[in-house]
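The next block is target.pdb, given as PDB, C-alpha atoms.
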ATOM      1  CA  MET H  28       0.000   0.000   0.000
ATOM      2  CA  LEU H  29       2.835   2.393   0.879
ATOM      3  CA  TYR H  30       4.561   1.844  -2.447
ATOM      4  CA  SER H  31       1.261   2.255  -4.299
ATOM      5  CA  THR H  32       0.702   5.664  -2.686
ATOM      6  CA  TYR H  33       4.286   6.618  -3.500
ATOM      7  CA  GLU H  34       3.812   5.590  -7.139
ATOM      8  CA  GLN H  35       0.660   7.688  -7.391
ATOM      9  CA  LEU H  36       2.501  10.729  -6.047
ATOM     10  CA  ILE H  37       5.308  10.261  -8.578
ATOM     11  CA  LEU H  38       2.822   9.881 -11.430
ATOM     12  CA  ALA H  39       1.094  13.085 -10.299
ATOM     13  CA  TRP H  40       4.483  14.838 -10.218
ATOM     14  CA  MET H  41       5.171  13.667 -13.769
ATOM     15  CA  ALA H  42       1.806  15.068 -14.849
ATOM     16  CA  VAL H  43       2.760  18.429 -13.337
ATOM     17  CA  GLY H  44       5.994  18.256 -15.325
ATOM     18  CA  ILE H  45       4.087  17.714 -18.570
ATOM     19  CA  VAL H  46       1.851  20.715 -17.834
ATOM     20  CA  THR H  47       4.947  22.763 -16.992
ATOM     21  CA  PHE H  48       6.459  21.837 -20.355
ATOM     22  CA  PHE H  49       3.557  23.435 -22.225
ATOM     23  CA  ILE H  50       3.645  26.511 -19.980
ATOM     24  CA  LEU H  51       7.378  26.991 -20.610
ATOM     25  CA  LEU H  52       6.801  26.774 -24.342
ATOM     26  CA  LYS H  53       4.756  29.953 -23.948
ATOM     27  CA  VAL H  54       6.597  31.685 -21.080
ATOM     28  CA  THR H  55      10.408  31.828 -21.178
ATOM     29  CA  ALA H  56      11.990  31.404 -17.741
ATOM     30  CA  PRO H  57      13.647  34.785 -16.997
ATOM     31  CA  TYR H  58      17.244  33.905 -16.170
ATOM     32  CA  GLY H  59      20.534  33.860 -18.066
ATOM     33  CA  ARG H  60      20.249  35.658 -21.416
ATOM     34  CA  HIS H  61      16.497  35.905 -20.839
ATOM     35  CA  SER H  62      16.826  37.523 -17.401
ATOM     36  CA  SER H  63      14.274  40.189 -16.567
ATOM     37  CA  SER H  64      13.833  42.468 -13.550
ATOM     38  CA  GLY H  65      10.079  42.415 -14.097
ATOM     39  CA  TRP H  66       9.799  39.200 -12.094
ATOM     40  CA  GLY H  67      10.480  40.703  -8.675
ATOM     41  CA  PRO H  68      13.597  40.958  -6.461
ATOM     42  CA  MET H  69      16.905  39.925  -8.056
ATOM     43  CA  ILE H  70      19.939  38.190  -6.559
ATOM     44  CA  SER H  71      23.438  37.378  -7.805
ATOM     45  CA  ASN H  72      23.386  34.941 -10.719
ATOM     46  CA  ARG H  73      26.224  32.896  -9.209
ATOM     47  CA  LEU H  74      24.650  32.738  -5.746
ATOM     48  CA  GLY H  75      21.320  31.852  -7.309
ATOM     49  CA  TRP H  76      22.832  28.870  -9.146
ATOM     50  CA  ILE H  77      24.337  27.498  -5.937
ATOM     51  CA  LEU H  78      21.215  28.022  -3.833
ATOM     52  CA  MET H  79      18.887  26.377  -6.302
ATOM     53  CA  GLU H  80      21.049  23.327  -7.042
ATOM     54  CA  VAL H  81      22.322  22.325  -3.602
ATOM     55  CA  PRO H  82      18.951  21.146  -2.133
ATOM     56  CA  VAL H  83      18.806  18.057  -4.351
ATOM     57  CA  MET H  84      22.060  16.769  -2.833
ATOM     58  CA  LEU H  85      20.975  17.599   0.714
ATOM     59  CA  CYS H  86      17.723  15.676   0.231
ATOM     60  CA  LEU H  87      19.544  12.632  -1.086
ATOM     61  CA  LEU H  88      22.023  12.742   1.795
ATOM     62  CA  TYR H  89      19.155  12.881   4.289
ATOM     63  CA  PHE H  90      17.409   9.837   2.841
ATOM     64  CA  MET H  91      20.662   7.895   2.528
ATOM     65  CA  ARG H  92      21.161   8.434   6.251
ATOM     66  CA  GLU H  93      17.613   7.237   6.999
ATOM     67  CA  ALA H  94      17.682   4.229   4.641
ATOM     68  CA  SER H  95      15.651   1.224   5.789
ATOM     69  CA  VAL H  96      17.081  -1.082   3.104
ATOM     70  CA  PRO H  97      20.793  -1.813   2.581
ATOM     71  CA  LEU H  98      22.379   0.179  -0.225
ATOM     72  CA  THR H  99      24.115  -2.243  -2.589
ATOM     73  CA  ASN H 100      27.146  -1.481  -4.737
ATOM     74  CA  TYR H 101      24.838  -0.818  -7.689
ATOM     75  CA  ALA H 102      22.786   1.662  -5.682
ATOM     76  CA  TRP H 103      25.939   3.417  -4.456
ATOM     77  CA  MET H 104      27.175   3.646  -8.050
ATOM     78  CA  LEU H 105      23.959   5.355  -9.143
ATOM     79  CA  LEU H 106      24.086   7.789  -6.236
ATOM     80  CA  ALA H 107      27.768   8.531  -6.906
ATOM     81  CA  LEU H 108      27.017   9.406 -10.544
ATOM     82  CA  PHE H 109      24.182  11.677  -9.453
ATOM     83  CA  PHE H 110      26.414  13.492  -6.958
ATOM     84  CA  PHE H 111      29.213  13.718  -9.520
ATOM     85  CA  HIS H 112      26.927  15.663 -11.844
ATOM     86  CA  TYR H 113      25.541  17.933  -9.145
ATOM     87  CA  LEU H 114      28.862  18.741  -7.502
ATOM     88  CA  ASN H 115      29.911  20.211 -10.837
ATOM     89  CA  ARG H 116      26.567  21.892 -11.489
ATOM     90  CA  THR H 117      26.293  23.352  -7.977
ATOM     91  CA  PHE H 118      29.809  24.506  -7.149
ATOM     92  CA  ILE H 119      32.153  24.324 -10.162
ATOM     93  CA  PHE H 120      29.946  25.549 -13.018
ATOM     94  CA  PRO H 121      28.745  28.754 -11.267
ATOM     95  CA  LEU H 122      32.352  29.733 -10.571
ATOM     96  CA  ARG H 123      33.371  29.199 -14.201
ATOM     97  CA  ILE H 124      30.653  31.154 -15.986
ATOM     98  CA  LYS H 125      31.192  34.750 -17.001
ATOM     99  CA  THR H 126      28.525  36.195 -14.752
ATOM    100  CA  LYS H 127      29.976  39.352 -13.187
ATOM    101  CA  GLY H 128      27.189  41.760 -12.362
ATOM    102  CA  LYS H 129      24.476  39.438 -13.690
ATOM    103  CA  LYS H 130      21.399  38.716 -11.610
ATOM    104  CA  MET H 131      18.396  36.417 -11.693
ATOM    105  CA  PRO H 132      14.929  36.758 -10.160
ATOM    106  CA  LEU H 133      14.591  35.372  -6.647
ATOM    107  CA  LEU H 134      11.336  33.793  -7.831
ATOM    108  CA  ILE H 135      13.283  31.550 -10.227
ATOM    109  CA  VAL H 136      15.638  30.484  -7.425
ATOM    110  CA  VAL H 137      12.760  29.629  -5.074
ATOM    111  CA  SER H 138      10.948  27.710  -7.827
ATOM    112  CA  ALA H 139      14.097  25.721  -8.620
ATOM    113  CA  ILE H 140      14.653  24.977  -4.918
ATOM    114  CA  LEU H 141      11.134  23.516  -4.642
ATOM    115  CA  PHE H 142      11.673  21.537  -7.839
ATOM    116  CA  ASN H 143      14.962  20.090  -6.581
ATOM    117  CA  VAL H 144      13.549  19.296  -3.137
ATOM    118  CA  VAL H 145      10.744  17.248  -4.697
ATOM    119  CA  ASN H 146      13.014  15.472  -7.194
ATOM    120  CA  GLY H 147      15.748  14.817  -4.635
ATOM    121  CA  SER H 148      13.232  13.543  -2.086
ATOM    122  CA  SER H 149      11.435  11.269  -4.551
ATOM    123  CA  LEU H 150      14.708   9.667  -5.648
ATOM    124  CA  GLY H 151      16.061   9.528  -2.101
ATOM    125  CA  TYR H 152      12.884   7.951  -0.739
ATOM    126  CA  TYR H 153      13.052   5.245  -3.383
ATOM    127  CA  PHE H 154      16.681   4.398  -2.634
ATOM    128  CA  ALA H 155      16.038   4.472   1.118
ATOM    129  CA  ASN H 156      12.949   2.251   1.090
ATOM    130  CA  PHE H 157      12.457   0.304  -2.132
ATOM    131  CA  ALA H 158      15.776  -0.146  -3.958
ATOM    132  CA  SER H 159      16.545  -3.828  -4.455
ATOM    133  CA  TYR H 160      19.485  -3.743  -6.857
ATOM    134  CA  THR H 161      21.961  -6.616  -6.983
ATOM    135  CA  SER H 162      25.347  -7.189  -8.608
ATOM    136  CA  ALA H 163      23.521  -8.853 -11.522
ATOM    137  CA  ASP H 164      22.230  -5.401 -12.523
ATOM    138  CA  PHE H 165      25.753  -4.514 -13.649
ATOM    139  CA  MET H 166      25.327  -7.070 -16.454
ATOM    140  CA  SER H 167      21.865  -5.914 -17.548
ATOM    141  CA  MET H 168      21.249  -4.267 -20.904
ATOM    142  CA  HIS H 169      19.566  -1.281 -19.278
ATOM    143  CA  PHE H 170      22.738  -0.643 -17.263
ATOM    144  CA  ILE H 171      25.103  -1.039 -20.228
ATOM    145  CA  LEU H 172      23.048   1.196 -22.531
ATOM    146  CA  GLY H 173      22.308   3.648 -19.722
ATOM    147  CA  ALA H 174      25.957   3.924 -18.707
ATOM    148  CA  LEU H 175      27.002   4.618 -22.312
ATOM    149  CA  LEU H 176      24.355   7.325 -22.663
ATOM    150  CA  PHE H 177      25.161   8.850 -19.270
ATOM    151  CA  CYS H 178      28.897   9.088 -19.992
ATOM    152  CA  ALA H 179      28.349  10.392 -23.541
ATOM    153  CA  GLY H 180      25.818  12.973 -22.362
ATOM    154  CA  LEU H 181      28.010  14.116 -19.483
ATOM    155  CA  CYS H 182      30.967  14.627 -21.827
ATOM    156  CA  ILE H 183      28.854  16.517 -24.378
ATOM    157  CA  ASN H 184      27.388  18.714 -21.662
ATOM    158  CA  TRP H 185      30.768  19.583 -20.146
ATOM    159  CA  ILE H 186      32.534  20.083 -23.492
ATOM    160  CA  TYR H 187      29.926  22.485 -24.837
ATOM    161  CA  ASP H 188      29.469  24.304 -21.541
ATOM    162  CA  THR H 189      33.218  24.927 -21.671
ATOM    163  CA  ARG H 190      33.105  26.051 -25.303
ATOM    164  CA  LEU H 191      30.337  28.537 -24.531
ATOM    165  CA  ILE H 192      32.217  29.867 -21.493
ATOM    166  CA  ASN H 193      35.414  30.269 -23.521
ATOM    167  CA  MET H 194      33.597  32.009 -26.378
ATOM    168  CA  ARG H 195      32.221  34.546 -23.941
ATOM    169  CA  LYS H 196      35.679  35.123 -22.440
ATOM    170  CA  GLU H 197      37.377  35.509 -25.829
ATOM    171  CA  SER H 198      34.755  37.747 -27.418
ATOM    172  CA  SER H 199      34.576  41.492 -26.955
ATOM    173  CA  GLN H 200      30.846  41.193 -27.569
ATOM    174  CA  GLN H 201      28.252  39.938 -25.101
ATOM    175  CA  TYR H 202      27.244  37.019 -27.346
ATOM    176  CA  VAL H 203      28.507  35.515 -30.606
ATOM    177  CA  ILE H 204      27.252  32.833 -32.977
ATOM    178  CA  PRO H 205      28.682  29.478 -31.810
ATOM    179  CA  GLN H 206      30.376  27.465 -34.547
ATOM    180  CA  GLY H 207      31.824  23.980 -35.039
ATOM    181  CA  ALA H 208      30.917  20.327 -34.446
ATOM    182  CA  LEU H 209      27.479  19.944 -32.848
ATOM    183  CA  PHE H 210      26.961  23.708 -33.010
ATOM    184  CA  ASN H 211      26.663  23.259 -36.780
ATOM    185  CA  VAL H 212      23.449  21.247 -36.372
ATOM    186  CA  ILE H 213      21.886  22.450 -33.085
ATOM    187  CA  SER H 214      21.921  25.672 -31.091
ATOM    188  CA  CYS H 215      22.182  24.063 -27.650
ATOM    189  CA  PRO H 216      24.458  20.994 -27.617
ATOM    190  CA  ASN H 217      25.138  21.505 -23.905
ATOM    191  CA  LEU H 218      21.429  21.030 -23.176
ATOM    192  CA  PHE H 219      21.295  18.111 -25.610
ATOM    193  CA  GLY H 220      24.115  16.492 -23.636
ATOM    194  CA  GLU H 221      22.234  16.904 -20.378
ATOM    195  CA  ILE H 222      19.113  15.310 -21.873
ATOM    196  CA  VAL H 223      21.180  12.340 -23.086
ATOM    197  CA  GLU H 224      22.870  12.106 -19.685
ATOM    198  CA  TRP H 225      19.630  11.907 -17.688
ATOM    199  CA  SER H 226      18.110   9.510 -20.222
ATOM    200  CA  GLY H 227      21.029   7.212 -19.447
ATOM    201  CA  PHE H 228      20.555   7.703 -15.707
ATOM    202  CA  ALA H 229      16.870   6.782 -15.971
ATOM    203  CA  LEU H 230      17.807   3.596 -17.838
ATOM    204  CA  MET H 231      20.417   2.631 -15.241
ATOM    205  CA  CYS H 232      18.019   3.286 -12.363
ATOM    206  CA  TRP H 233      15.082   1.571 -14.082
ATOM    207  CA  ASN H 234      12.607   3.057 -11.606
ATOM    208  CA  LEU H 235       9.708   5.495 -11.590
ATOM    209  CA  PRO H 236      11.318   8.480  -9.794
ATOM    210  CA  ALA H 237      14.274   8.453 -12.210
ATOM    211  CA  LEU H 238      11.788   8.464 -15.092
ATOM    212  CA  ALA H 239      10.013  11.399 -13.426
ATOM    213  CA  PHE H 240      13.358  13.177 -13.161
ATOM    214  CA  LEU H 241      13.858  12.675 -16.909
ATOM    215  CA  VAL H 242      10.343  13.967 -17.645
ATOM    216  CA  TRP H 243      11.119  17.129 -15.679
ATOM    217  CA  THR H 244      14.500  17.450 -17.402
ATOM    218  CA  LEU H 245      12.732  17.410 -20.763
ATOM    219  CA  ALA H 246      10.018  19.769 -19.482
ATOM    220  CA  ASN H 247      12.678  22.310 -18.509
ATOM    221  CA  LEU H 248      15.378  21.900 -21.145
ATOM    222  CA  LEU H 249      13.393  21.447 -24.350
ATOM    223  CA  PRO H 250      11.526  24.779 -23.980
ATOM    224  CA  ARG H 251      14.749  26.411 -22.765
ATOM    225  CA  ALA H 252      16.601  25.280 -25.875
ATOM    226  CA  ILE H 253      13.758  26.425 -28.132
ATOM    227  CA  SER H 254      13.840  29.863 -26.444
ATOM    228  CA  HIS H 255      17.632  30.049 -26.934
ATOM    229  CA  HIS H 256      17.272  29.071 -30.585
ATOM    230  CA  ARG H 257      14.582  31.691 -31.159
ATOM    231  CA  TRP H 258      16.778  34.289 -29.396
ATOM    232  CA  TYR H 259      19.737  33.504 -31.673
ATOM    233  CA  LEU H 260      17.562  33.850 -34.772
ATOM    234  CA  GLN H 261      16.242  37.219 -33.584
ATOM    235  CA  LYS H 262      19.617  38.593 -32.485
ATOM    236  CA  PHE H 263      21.731  37.539 -35.477
ATOM    237  CA  GLU H 264      20.463  38.122 -39.008
ATOM    238  CA  ASP H 265      23.036  35.693 -40.383
ATOM    239  CA  TYR H 266      22.287  32.909 -37.898
ATOM    240  CA  PRO H 267      22.180  29.553 -39.776
ATOM    241  CA  LYS H 268      18.540  28.807 -40.514
ATOM    242  CA  GLU H 269      19.160  25.082 -40.986
ATOM    243  CA  ARG H 270      20.133  24.537 -37.357
ATOM    244  CA  LYS H 271      17.686  22.921 -34.980
ATOM    245  CA  ALA H 272      17.301  23.904 -31.336
ATOM    246  CA  VAL H 273      18.423  20.858 -29.369
ATOM    247  CA  ILE H 274      17.784  17.467 -31.027
ATOM    248  CA  PRO H 275      19.824  17.109 -34.259
ATOM    249  CA  PHE H 276      17.626  17.190 -37.383
ATOM    250  CA  ILE H 277      14.413  16.975 -35.296
ATOM    251  CA  ILE H 278      13.760  19.829 -32.823
TER     252      ILE H 278
END
Give the structure from the file, written as structure tokens.
Amino acid sequence: MLYSTYEQLILAWMAVGIVTFFILLKVTAPYGRHSSSGWGPMISNRLGWILMEVPVMLCLLYFMREASVPLTNYAWMLLALFFFHYLNRTFIFPLRIKTKGKKMPLLIVVSAILFNVVNGSSLGYYFANFASYTSADFMSMHFILGALLFCAGLCINWIYDTRLINMRKESSQQYVIPQGALFNVISCPNLFGEIVEWSGFALMCWNLPALAFLVWTLANLLPRAISHHRWYLQKFEDYPKERKAVIPFII
């Protein structure tokens, strides 16, 4: 009965994510290049990144401490990969971006905190109470395919985050048209990499909360990439019209 209630809550959370996807297609989240002071009080962009990303790790740590089932090597591997991503996203990435003087609405930070608390808690609760992984999972097809996707997506995300950061540092202008490799076919290869990464994580986990996490990743990043793509087309008259937003040759 407990697991059934938990499943229903996760399914409801996924439904909220789907609704959010359609909202974000119409309303661009006002941070980064789309930042706007019309959304209330503003705080430092760098501080905002840290504050809104750290809760997901704190939630997982709490549930790991309260676990009622033993965490196997497979479970620890999944948690380690999750923390590996978020240690970079929470502490390293905000210090690398060229963000001096930039701000984001406090509303966005609070919304992201709530989002990460729910996602971190849903994953943590699963690992603490229902995870039943064994060593045999390391030989499963969903692990092998998921691990390949996770590693490929992580590398793509980091490589193109770095390329964007370096382009901003090297350019005397605020923004330039990105060129080369995946930039020749999509506007947002860094976001594409993150989608691939969390698709792989969902496959490795093979559970409902990881699928919900992927649904929310798509709900956030697909509209974000479309907004970026539209922004590039509006800002640069010579922006390549054949490029897609985030999925090569599709979206």
Given the PyMOL selection byres ((chain H and resi 97) around 10), the residues it picks as a compact mmCIF listing (two decimals) with C-alpha atoms, keeping the file's coordinate frame:
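To be explicit, this is the file written out as selection_6.txt:
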# COMPACT_ATOMS: atom_id res chain seq x y z
CA MET H 91 20.66 7.90 2.53
CA ALA H 94 17.68 4.23 4.64
CA SER H 95 15.65 1.22 5.79
CA VAL H 96 17.08 -1.08 3.10
CA LEU H 98 22.38 0.18 -0.22
CA THR H 99 24.12 -2.24 -2.59
CA ASN H 100 27.15 -1.48 -4.74
CA ALA H 102 22.79 1.66 -5.68
CA PHE H 154 16.68 4.40 -2.63
CA ALA H 155 16.04 4.47 1.12
CA ASN H 156 12.95 2.25 1.09
CA PHE H 157 12.46 0.30 -2.13
CA ALA H 158 15.78 -0.15 -3.96
CA SER H 159 16.55 -3.83 -4.46
CA TYR H 160 19.48 -3.74 -6.86
Residues matched by the PyMOL selection byres ((chain H and resi 221-230) around 9) as an MDAnalysis selection string: chainID H and resid 105 108:109 169:185 216:220 231:241 244:245 248:249
Atoms kept (C-alpha atoms) for selection, written as a short mmCIF file (atom, residue, chain, number, x, y, z; two decimals), in the frame of the given file:
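Generated output (result.cif):
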data_model
loop_
_atom_site.label_atom_id
_atom_site.label_comp_id
_atom_site.auth_asym_id
_atom_site.auth_seq_id
_atom_site.Cartn_x
_atom_site.Cartn_y
_atom_site.Cartn_z
CA LEU H 105 23.96 5.36 -9.14
CA LEU H 108 27.02 9.41 -10.54
CA PHE H 109 24.18 11.68 -9.45
CA HIS H 169 19.57 -1.28 -19.28
CA PHE H 170 22.74 -0.64 -17.26
CA ILE H 171 25.10 -1.04 -20.23
CA LEU H 172 23.05 1.20 -22.53
CA GLY H 173 22.31 3.65 -19.72
CA ALA H 174 25.96 3.92 -18.71
CA LEU H 175 27.00 4.62 -22.31
CA LEU H 176 24.36 7.32 -22.66
CA PHE H 177 25.16 8.85 -19.27
CA CYS H 178 28.90 9.09 -19.99
CA ALA H 179 28.35 10.39 -23.54
CA GLY H 180 25.82 12.97 -22.36
CA LEU H 181 28.01 14.12 -19.48
CA CYS H 182 30.97 14.63 -21.83
CA ILE H 183 28.85 16.52 -24.38
CA ASN H 184 27.39 18.71 -21.66
CA TRP H 185 30.77 19.58 -20.15
CA PRO H 216 24.46 20.99 -27.62
CA ASN H 217 25.14 21.50 -23.90
CA LEU H 218 21.43 21.03 -23.18
CA PHE H 219 21.30 18.11 -25.61
CA GLY H 220 24.12 16.49 -23.64
CA MET H 231 20.42 2.63 -15.24
CA CYS H 232 18.02 3.29 -12.36
CA TRP H 233 15.08 1.57 -14.08
CA ASN H 234 12.61 3.06 -11.61
CA LEU H 235 9.71 5.50 -11.59
CA PRO H 236 11.32 8.48 -9.79
CA ALA H 237 14.27 8.45 -12.21
CA LEU H 238 11.79 8.46 -15.09
CA ALA H 239 10.01 11.40 -13.43
CA PHE H 240 13.36 13.18 -13.16
CA LEU H 241 13.86 12.68 -16.91
CA THR H 244 14.50 17.45 -17.40
CA LEU H 245 12.73 17.41 -20.76
CA LEU H 248 15.38 21.90 -21.14
CA LEU H 249 13.39 21.45 -24.35
#
Distance query 12 Å from (27.2, 24.1, -30.2) using all atoms listed in the file, result as number ranges by chain: H: 183-192, 194, 203-220, 252, 255-256, 270-275
For C-alpha atoms, I'd like the residues from the last selection saved as a PDB file, in the frame of the given file.
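Below is the file selection.pdb, written as the result:
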ATOM      1  CA  ILE H 183      28.854  16.517 -24.378  1.00  0.00           C
ATOM      2  CA  ASN H 184      27.388  18.714 -21.662  1.00  0.00           C
ATOM      3  CA  TRP H 185      30.768  19.583 -20.146  1.00  0.00           C
ATOM      4  CA  ILE H 186      32.534  20.083 -23.492  1.00  0.00           C
ATOM      5  CA  TYR H 187      29.926  22.485 -24.837  1.00  0.00           C
ATOM      6  CA  ASP H 188      29.469  24.304 -21.541  1.00  0.00           C
ATOM      7  CA  THR H 189      33.218  24.927 -21.671  1.00  0.00           C
ATOM      8  CA  ARG H 190      33.105  26.051 -25.303  1.00  0.00           C
ATOM      9  CA  LEU H 191      30.337  28.537 -24.531  1.00  0.00           C
ATOM     10  CA  ILE H 192      32.217  29.867 -21.493  1.00  0.00           C
ATOM     11  CA  MET H 194      33.597  32.009 -26.378  1.00  0.00           C
ATOM     12  CA  VAL H 203      28.507  35.515 -30.606  1.00  0.00           C
ATOM     13  CA  ILE H 204      27.252  32.833 -32.977  1.00  0.00           C
ATOM     14  CA  PRO H 205      28.682  29.478 -31.810  1.00  0.00           C
ATOM     15  CA  GLN H 206      30.376  27.465 -34.547  1.00  0.00           C
ATOM     16  CA  GLY H 207      31.824  23.980 -35.039  1.00  0.00           C
ATOM     17  CA  ALA H 208      30.917  20.327 -34.446  1.00  0.00           C
ATOM     18  CA  LEU H 209      27.479  19.944 -32.848  1.00  0.00           C
ATOM     19  CA  PHE H 210      26.961  23.708 -33.010  1.00  0.00           C
ATOM     20  CA  ASN H 211      26.663  23.259 -36.780  1.00  0.00           C
ATOM     21  CA  VAL H 212      23.449  21.247 -36.372  1.00  0.00           C
ATOM     22  CA  ILE H 213      21.886  22.450 -33.085  1.00  0.00           C
ATOM     23  CA  SER H 214      21.921  25.672 -31.091  1.00  0.00           C
ATOM     24  CA  CYS H 215      22.182  24.063 -27.650  1.00  0.00           C
ATOM     25  CA  PRO H 216      24.458  20.994 -27.617  1.00  0.00           C
ATOM     26  CA  ASN H 217      25.138  21.505 -23.905  1.00  0.00           C
ATOM     27  CA  LEU H 218      21.429  21.030 -23.176  1.00  0.00           C
ATOM     28  CA  PHE H 219      21.295  18.111 -25.610  1.00  0.00           C
ATOM     29  CA  GLY H 220      24.115  16.492 -23.636  1.00  0.00           C
ATOM     30  CA  ALA H 252      16.601  25.280 -25.875  1.00  0.00           C
ATOM     31  CA  HIS H 255      17.632  30.049 -26.934  1.00  0.00           C
ATOM     32  CA  HIS H 256      17.272  29.071 -30.585  1.00  0.00           C
ATOM     33  CA  ARG H 270      20.133  24.537 -37.357  1.00  0.00           C
ATOM     34  CA  LYS H 271      17.686  22.921 -34.980  1.00  0.00           C
ATOM     35  CA  ALA H 272      17.301  23.904 -31.336  1.00  0.00           C
ATOM     36  CA  VAL H 273      18.423  20.858 -29.369  1.00  0.00           C
ATOM     37  CA  ILE H 274      17.784  17.467 -31.027  1.00  0.00           C
ATOM     38  CA  PRO H 275      19.824  17.109 -34.259  1.00  0.00           C
TER      39      PRO H 275
END
Ser148 (chain H): which residues within 9 Å, counting all atoms listed in the file, same-chain residues fewer than 6 positions away excluded, as a tab-separated table (two decimals) with C-alpha atoms, in the coordinates of the input?
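Ended up saving to result.tsv:
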chain	number	residue	atom	x	y	z
H	83	VAL	CA	18.81	18.06	-4.35
H	86	CYS	CA	17.72	15.68	0.23
H	87	LEU	CA	19.54	12.63	-1.09
H	89	TYR	CA	19.16	12.88	4.29
H	90	PHE	CA	17.41	9.84	2.84
Between CA of Ile140 (chain H) and CA of Glu80 (chain H), distance in Å (one decimal): 6.9 Å
Hey, what comes out of the PyMOL selection byres ((chain H and resi 113-129) around 8) on this file? Could you write it as a PDB file with C-alpha atoms, in the coordinates of the input?
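As written to disk, result-v9.pdb reads:
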ATOM      1  CA  SER H  71      23.438  37.378  -7.805  1.00  0.00           C
ATOM      2  CA  ASN H  72      23.386  34.941 -10.719  1.00  0.00           C
ATOM      3  CA  ARG H  73      26.224  32.896  -9.209  1.00  0.00           C
ATOM      4  CA  LEU H  74      24.650  32.738  -5.746  1.00  0.00           C
ATOM      5  CA  TRP H  76      22.832  28.870  -9.146  1.00  0.00           C
ATOM      6  CA  ILE H  77      24.337  27.498  -5.937  1.00  0.00           C
ATOM      7  CA  GLU H  80      21.049  23.327  -7.042  1.00  0.00           C
ATOM      8  CA  VAL H  81      22.322  22.325  -3.602  1.00  0.00           C
ATOM      9  CA  MET H  84      22.060  16.769  -2.833  1.00  0.00           C
ATOM     10  CA  PHE H 109      24.182  11.677  -9.453  1.00  0.00           C
ATOM     11  CA  PHE H 110      26.414  13.492  -6.958  1.00  0.00           C
ATOM     12  CA  PHE H 111      29.213  13.718  -9.520  1.00  0.00           C
ATOM     13  CA  HIS H 112      26.927  15.663 -11.844  1.00  0.00           C
ATOM     14  CA  LYS H 130      21.399  38.716 -11.610  1.00  0.00           C
ATOM     15  CA  MET H 131      18.396  36.417 -11.693  1.00  0.00           C
ATOM     16  CA  ILE H 192      32.217  29.867 -21.493  1.00  0.00           C
ATOM     17  CA  ARG H 195      32.221  34.546 -23.941  1.00  0.00           C
ATOM     18  CA  LYS H 196      35.679  35.123 -22.440  1.00  0.00           C
TER      19      LYS H 196
END
Polymer residues at most 10 Å from (4.7, 16.6, -10.1) by only C-alpha atoms, as a list in words: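 Checking each residue against the 10 Å limit leaves Leu36, Ile37, Leu38, Ala39, Trp40, Met41, Ala42, Val43, Gly44, Ile45, Val46, Thr47, Phe142, Val145, Asn146, Ala239, Phe240, Val242 and Trp243 of chain H.
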One-decimal distance in Å that lies between CA of Leu78 (chain H) and CA of Leu51 (chain H):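 CA of Leu78 (chain H) lies 21.8 Å from CA of Leu51 (chain H).
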Pick from H:Val144, H:Ile50, H:Glu34, H:Ser149 nearest to Pro250 (chain H), counting only C-alpha atoms: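 Nearest candidate to Pro250 (chain H) out of H:Val144, H:Ile50, H:Glu34, H:Ser149: H:Ile50.
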Shortest interatomic distance to Pro57 (chain H) - which of H:Gly75, H:Pro132, H:Pro267, H:Gly151, counting all atoms listed in the file: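 Under the stated criterion, the closest residue is H:Pro132.
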Interatomic distance (Å, one decimal) between CA of Ala139 (chain H) and CA of His61 (chain H): 16.1 Å
With 8 Å on each side, where is the centre of the axis-aligned box around all listed atoms of region 183-193 of chain H, and how long are its edges in Å to one decimal, as JSON?
{"center_x": 31.4, "center_y": 23.4, "center_z": -22.7, "size_x": 24.0, "size_y": 29.8, "size_z": 21.2}
